[in-house]
Amino acid sequence: MLRVAGRRLYSLSWRSGHTSSAASVSRNPFAAVDSPSDERAAPAGSFSLINSFPNHIRGFSSNAVAHGQFIDLMPDVPATVAAIKNPSSKIIYDEHNHERYPPGDPSKRAFAYFVLTGGRFVYASLARLLVLKLVLSMSASKDVLALASLEVDLSNIDPGTTVTVKWRGKPVFIRRRTEDDIKLANSIDVASLRDPEEDAVRVKNPEWLIVIGVCTHLGCIPLPNAGDFGGWFCPCHGSHYDISGRIRKGPAPFNLEVPTYSFMEENKLLIG
């Protein structure tokens, strides 16, 4: 830009020495408009230099307008006014990017359908993914489902013995009762119990008694085959349970809880 400015200044100084005052005035279209009554003359070189120098400095970076049209404009004339009063056919506007199609043009209909359908498909996929993530986050994990149920083989349990298994982090007592145990459990007066409950309600098969091994007093684990009634005894606070898991003595308020269970086969038990 400095090199171009130097060339402009050099040509300007050369023009100022070889151009007359009358020629400069005739090329200035605003001379008669801006100062019609001012007839004072100036030296030829100084008039051309003063009038044309600001315009050269102001427009030396653009060659879109024909050279010589804005050489002798007065510096106080706005550029828009100068462009209106000095129209030029060399200013060409590129309008090939301003083409507009009417609404519903058939040539663009397929593209519009493709864009709309693709966008809706993406939105539907995102909604489906969010719903699946939400449902899976609320469902139980595999380790929880594995602990939800427990299969027990009953073929190895002898009559009159108790086996303890772990289910959902809690001990479960499985007792195989004898005929004497069943008769003893049914001979008790239910009305005299603290938590009245018949033995037939607590078992599905009279031979098998399944209860959760947690004392209903403070959550201790009772000892099997102990106590005053041949069932379970909690040594922490002295609660006694009978052969049906019912509270008979001590501070425990309720009988031992019976979990949800079912017999899958003759010797298969499913807890949970």
# chains A, B, ... in the order shown; residues from 1 in each chain; ligands from 1

call {"tool": "residues_around", "arguments": {"residues": "Val258 in chain A", "least_positions_apart": "3", "cutoff": "7 Å", "atoms": "only C-alpha atoms", "output": "list in words"}}
result
Arg202, Ile210, Val211 and Ile212 of chain A

call {"tool": "select_by_dssp", "arguments": {"residues": "range 52-266 of chain A", "states": "helix (DSSP H, G or I)", "output": "ChimeraX atom specification"}}
result
/A:52-59,79-85,106-138,142-148,179-186,190-192,199-202

call {"tool": "residues_around", "arguments": {"residues": "Arg248 in chain A", "least_positions_apart": "3", "cutoff": "12 Å", "atoms": "only C-alpha atoms", "output": "mmCIF file with N, CA, C and O atoms, in the first residue's frame"}}
result
data_model
loop_
_atom_site.group_PDB
_atom_site.id
_atom_site.type_symbol
_atom_site.label_atom_id
_atom_site.label_comp_id
_atom_site.auth_asym_id
_atom_site.auth_seq_id
_atom_site.Cartn_x
_atom_site.Cartn_y
_atom_site.Cartn_z
ATOM 1 N N ALA A 185 -46.302 -79.071 67.313
ATOM 2 C CA ALA A 185 -46.651 -77.742 66.804
ATOM 3 C C ALA A 185 -48.153 -77.546 66.700
ATOM 4 O O ALA A 185 -48.660 -76.435 66.925
ATOM 5 N N ILE A 188 -50.497 -76.913 70.319
ATOM 6 C CA ILE A 188 -50.426 -75.671 71.093
ATOM 7 C C ILE A 188 -51.733 -74.907 70.951
ATOM 8 O O ILE A 188 -52.320 -74.826 69.863
ATOM 9 N N ASP A 189 -52.192 -74.336 72.076
ATOM 10 C CA ASP A 189 -53.379 -73.479 72.060
ATOM 11 C C ASP A 189 -53.006 -72.143 71.433
ATOM 12 O O ASP A 189 -52.198 -71.379 71.984
ATOM 13 N N VAL A 190 -53.569 -71.855 70.272
ATOM 14 C CA VAL A 190 -53.208 -70.642 69.527
ATOM 15 C C VAL A 190 -53.612 -69.389 70.290
ATOM 16 O O VAL A 190 -52.924 -68.350 70.227
ATOM 17 N N ALA A 191 -54.692 -69.435 71.041
ATOM 18 C CA ALA A 191 -55.162 -68.254 71.779
ATOM 19 C C ALA A 191 -54.186 -67.821 72.860
ATOM 20 O O ALA A 191 -54.187 -66.652 73.287
ATOM 21 N N SER A 192 -53.366 -68.730 73.325
ATOM 22 C CA SER A 192 -52.408 -68.399 74.391
ATOM 23 C C SER A 192 -51.117 -67.788 73.862
ATOM 24 O O SER A 192 -50.255 -67.380 74.655
ATOM 25 N N LEU A 193 -50.960 -67.696 72.580
ATOM 26 C CA LEU A 193 -49.725 -67.186 71.992
ATOM 27 C C LEU A 193 -49.719 -65.663 71.931
ATOM 28 O O LEU A 193 -50.777 -65.028 71.844
ATOM 29 N N ARG A 194 -48.544 -65.091 71.995
ATOM 30 C CA ARG A 194 -48.414 -63.631 71.897
ATOM 31 C C ARG A 194 -48.750 -63.144 70.484
ATOM 32 O O ARG A 194 -49.374 -62.083 70.320
ATOM 33 N N ASP A 195 -48.317 -63.876 69.489
ATOM 34 C CA ASP A 195 -48.645 -63.577 68.089
ATOM 35 C C ASP A 195 -49.394 -64.791 67.542
ATOM 36 O O ASP A 195 -48.798 -65.684 66.953
ATOM 37 N N PRO A 196 -50.726 -64.846 67.748
ATOM 38 C CA PRO A 196 -51.491 -66.063 67.406
ATOM 39 C C PRO A 196 -51.402 -66.397 65.910
ATOM 40 O O PRO A 196 -51.686 -65.560 65.054
ATOM 41 N N GLU A 197 -51.001 -67.607 65.632
ATOM 42 C CA GLU A 197 -50.883 -68.058 64.252
ATOM 43 C C GLU A 197 -50.807 -69.583 64.248
ATOM 44 O O GLU A 197 -49.967 -70.172 64.949
ATOM 45 N N GLY A 227 -33.524 -73.605 73.400
ATOM 46 C CA GLY A 227 -34.618 -72.934 74.073
ATOM 47 C C GLY A 227 -35.521 -73.878 74.829
ATOM 48 O O GLY A 227 -35.341 -75.104 74.810
ATOM 49 N N ASP A 228 -36.512 -73.321 75.496
ATOM 50 C CA ASP A 228 -37.418 -74.112 76.321
ATOM 51 C C ASP A 228 -38.477 -74.847 75.516
ATOM 52 O O ASP A 228 -39.192 -75.692 76.074
ATOM 53 N N PHE A 229 -38.613 -74.563 74.227
ATOM 54 C CA PHE A 229 -39.708 -75.147 73.442
ATOM 55 C C PHE A 229 -39.194 -75.932 72.230
ATOM 56 O O PHE A 229 -39.967 -76.230 71.327
ATOM 57 N N GLY A 230 -37.911 -76.228 72.227
ATOM 58 C CA GLY A 230 -37.337 -77.083 71.196
ATOM 59 C C GLY A 230 -37.195 -76.447 69.829
ATOM 60 O O GLY A 230 -36.964 -77.152 68.839
ATOM 61 N N GLY A 231 -37.341 -75.148 69.762
ATOM 62 C CA GLY A 231 -37.227 -74.462 68.468
ATOM 63 C C GLY A 231 -35.946 -73.660 68.353
ATOM 64 O O GLY A 231 -34.877 -74.210 68.069
ATOM 65 N N TRP A 232 -36.035 -72.341 68.611
ATOM 66 C CA TRP A 232 -34.880 -71.447 68.522
ATOM 67 C C TRP A 232 -34.809 -70.576 69.779
ATOM 68 O O TRP A 232 -35.835 -70.268 70.403
ATOM 69 N N PHE A 233 -33.586 -70.207 70.092
ATOM 70 C CA PHE A 233 -33.351 -69.389 71.274
ATOM 71 C C PHE A 233 -32.414 -68.253 70.900
ATOM 72 O O PHE A 233 -31.355 -68.480 70.295
ATOM 73 N N CYS A 234 -32.819 -67.014 71.258
ATOM 74 C CA CYS A 234 -31.982 -65.832 71.015
ATOM 75 C C CYS A 234 -31.266 -65.488 72.313
ATOM 76 O O CYS A 234 -31.904 -65.041 73.280
ATOM 77 N N GLY A 238 -32.967 -63.288 75.387
ATOM 78 C CA GLY A 238 -33.731 -64.407 75.950
ATOM 79 C C GLY A 238 -35.079 -64.659 75.312
ATOM 80 O O GLY A 238 -36.042 -64.970 76.025
ATOM 81 N N SER A 239 -35.189 -64.535 73.979
ATOM 82 C CA SER A 239 -36.450 -64.846 73.293
ATOM 83 C C SER A 239 -36.448 -66.322 72.903
ATOM 84 O O SER A 239 -35.468 -66.823 72.346
ATOM 85 N N HIS A 240 -37.583 -67.035 73.172
ATOM 86 C CA HIS A 240 -37.721 -68.460 72.881
ATOM 87 C C HIS A 240 -38.795 -68.648 71.805
ATOM 88 O O HIS A 240 -39.889 -68.077 71.900
ATOM 89 N N TYR A 241 -38.472 -69.456 70.790
ATOM 90 C CA TYR A 241 -39.396 -69.764 69.709
ATOM 91 C C TYR A 241 -39.638 -71.278 69.687
ATOM 92 O O TYR A 241 -38.718 -72.067 69.955
ATOM 93 N N ASP A 242 -40.847 -71.668 69.345
ATOM 94 C CA ASP A 242 -41.171 -73.100 69.339
ATOM 95 C C ASP A 242 -40.799 -73.741 67.998
ATOM 96 O O ASP A 242 -40.154 -73.115 67.153
ATOM 97 N N ILE A 243 -41.240 -74.974 67.808
ATOM 98 C CA ILE A 243 -40.867 -75.748 66.638
ATOM 99 C C ILE A 243 -41.511 -75.227 65.352
ATOM 100 O O ILE A 243 -41.125 -75.614 64.248
ATOM 101 N N SER A 244 -42.443 -74.284 65.483
ATOM 102 C CA SER A 244 -43.078 -73.642 64.335
ATOM 103 C C SER A 244 -42.580 -72.222 64.118
ATOM 104 O O SER A 244 -43.077 -71.511 63.257
ATOM 105 N N GLY A 245 -41.592 -71.787 64.928
ATOM 106 C CA GLY A 245 -41.038 -70.449 64.807
ATOM 107 C C GLY A 245 -41.888 -69.371 65.434
ATOM 108 O O GLY A 245 -41.695 -68.178 65.143
ATOM 109 N N PRO A 251 -38.751 -61.043 75.057
ATOM 110 C CA PRO A 251 -39.229 -59.708 74.630
ATOM 111 C C PRO A 251 -39.630 -59.615 73.164
ATOM 112 O O PRO A 251 -40.147 -58.571 72.744
ATOM 113 N N ALA A 252 -39.377 -60.623 72.347
ATOM 114 C CA ALA A 252 -39.712 -60.521 70.913
ATOM 115 C C ALA A 252 -41.219 -60.375 70.732
ATOM 116 O O ALA A 252 -41.992 -61.148 71.302
ATOM 117 N N PRO A 253 -41.692 -59.420 69.927
ATOM 118 C CA PRO A 253 -43.134 -59.187 69.808
ATOM 119 C C PRO A 253 -43.830 -60.082 68.777
ATOM 120 O O PRO A 253 -45.035 -60.298 68.883
ATOM 121 N N PHE A 254 -43.093 -60.591 67.775
ATOM 122 C CA PHE A 254 -43.725 -61.320 66.681
ATOM 123 C C PHE A 254 -43.002 -62.642 66.438
ATOM 124 O O PHE A 254 -41.881 -62.867 66.905
ATOM 125 N N ASN A 255 -43.686 -63.494 65.673
ATOM 126 C CA ASN A 255 -43.098 -64.766 65.275
ATOM 127 C C ASN A 255 -42.008 -64.536 64.235
ATOM 128 O O ASN A 255 -41.904 -63.460 63.623
ATOM 129 N N LEU A 256 -41.191 -65.567 63.996
ATOM 130 C CA LEU A 256 -40.182 -65.482 62.955
ATOM 131 C C LEU A 256 -40.876 -65.366 61.584
ATOM 132 O O LEU A 256 -41.863 -66.042 61.311
#

call {"tool": "atom_distance", "arguments": {"atom1": "CA of Tyr261 in chain A", "atom2": "CA of Gly169 in chain A"}}
result
16.1 Å

call {"tool": "residues_around", "arguments": {"residues": "Thr161 in chain A", "least_positions_apart": "5", "cutoff": "10 Å", "atoms": "only C-alpha atoms", "output": "CSV table (one decimal) with C-alpha atoms, in the first residue's frame"}}
result
chain,number,residue,atom,x,y,z
A,174,ILE,CA,-34.8,-74.7,56.8
A,175,ARG,CA,-36.0,-77.4,59.3
A,176,ARG,CA,-37.1,-80.9,58.3
A,177,ARG,CA,-39.5,-81.8,61.0
A,178,THR,CA,-40.4,-85.2,62.3
A,224,PRO,CA,-31.5,-73.5,66.3
A,225,ASN,CA,-32.5,-76.6,68.3

call {"tool": "atom_distance", "arguments": {"atom1": "CA of Ala112 in chain A", "atom2": "CA of Leu129 in chain A"}}
result
26.0 Å

call {"tool": "atom_distance", "arguments": {"atom1": "CA of His217 in chain A", "atom2": "CA of His237 in chain A"}}
result
8.3 Å

call {"tool": "residues_around", "arguments": {"residues": "Gly272 in chain A", "least_positions_apart": "6", "cutoff": "8 Å", "atoms": "only C-alpha atoms", "output": "NGL selection string"}}
result
:A and (148-150 or 259-261)

call {"tool": "select_by_dssp", "arguments": {"residues": "range 89-247 of chain A", "states": "strand (DSSP E)", "output": "ChimeraX atom specification"}}
result
/A:150-153,162-167,170-176,208-212,223-224,230-234,239-242,247

call {"tool": "write_last_selection", "arguments": {"atoms": "C-alpha atoms", "output": "PDB file, in the first residue's frame"}}
result
ATOM      1  CA  LEU A 150     -32.232 -69.066  45.772  1.00  0.00           C
ATOM      2  CA  GLU A 151     -32.519 -72.745  44.911  1.00  0.00           C
ATOM      3  CA  VAL A 152     -31.897 -75.242  47.691  1.00  0.00           C
ATOM      4  CA  ASP A 153     -31.441 -78.988  47.405  1.00  0.00           C
ATOM      5  CA  THR A 162     -31.905 -77.480  60.632  1.00  0.00           C
ATOM      6  CA  VAL A 163     -29.905 -75.995  57.748  1.00  0.00           C
ATOM      7  CA  THR A 164     -29.052 -72.303  57.445  1.00  0.00           C
ATOM      8  CA  VAL A 165     -28.744 -70.694  53.992  1.00  0.00           C
ATOM      9  CA  LYS A 166     -28.149 -67.081  52.971  1.00  0.00           C
ATOM     10  CA  TRP A 167     -30.797 -65.248  50.954  1.00  0.00           C
ATOM     11  CA  LYS A 170     -30.210 -62.715  55.581  1.00  0.00           C
ATOM     12  CA  PRO A 171     -30.025 -66.188  57.136  1.00  0.00           C
ATOM     13  CA  VAL A 172     -32.891 -68.556  56.357  1.00  0.00           C
ATOM     14  CA  PHE A 173     -33.624 -71.574  58.580  1.00  0.00           C
ATOM     15  CA  ILE A 174     -34.796 -74.737  56.806  1.00  0.00           C
ATOM     16  CA  ARG A 175     -35.960 -77.393  59.262  1.00  0.00           C
ATOM     17  CA  ARG A 176     -37.067 -80.884  58.339  1.00  0.00           C
ATOM     18  CA  TRP A 208     -40.625 -78.507  56.045  1.00  0.00           C
ATOM     19  CA  LEU A 209     -40.494 -75.255  57.997  1.00  0.00           C
ATOM     20  CA  ILE A 210     -38.793 -72.276  56.311  1.00  0.00           C
ATOM     21  CA  VAL A 211     -38.343 -69.068  58.332  1.00  0.00           C
ATOM     22  CA  ILE A 212     -36.004 -66.080  58.219  1.00  0.00           C
ATOM     23  CA  LEU A 223     -29.701 -70.477  67.810  1.00  0.00           C
ATOM     24  CA  PRO A 224     -31.495 -73.518  66.298  1.00  0.00           C
ATOM     25  CA  GLY A 230     -37.337 -77.083  71.196  1.00  0.00           C
ATOM     26  CA  GLY A 231     -37.227 -74.462  68.468  1.00  0.00           C
ATOM     27  CA  TRP A 232     -34.880 -71.447  68.522  1.00  0.00           C
ATOM     28  CA  PHE A 233     -33.351 -69.389  71.274  1.00  0.00           C
ATOM     29  CA  CYS A 234     -31.982 -65.832  71.015  1.00  0.00           C
ATOM     30  CA  SER A 239     -36.450 -64.846  73.293  1.00  0.00           C
ATOM     31  CA  HIS A 240     -37.721 -68.460  72.881  1.00  0.00           C
ATOM     32  CA  TYR A 241     -39.396 -69.764  69.709  1.00  0.00           C
ATOM     33  CA  ASP A 242     -41.171 -73.100  69.339  1.00  0.00           C
ATOM     34  CA  ILE A 247     -42.631 -66.581  69.906  1.00  0.00           C
TER      35      ILE A 247
END

call {"tool": "closest_residue", "arguments": {"among": "A:Ile157, A:Lys90, A:Arg246, A:Cys215", "to": "Val201 in chain A", "atoms": "only C-alpha atoms"}}
result
A:Arg246
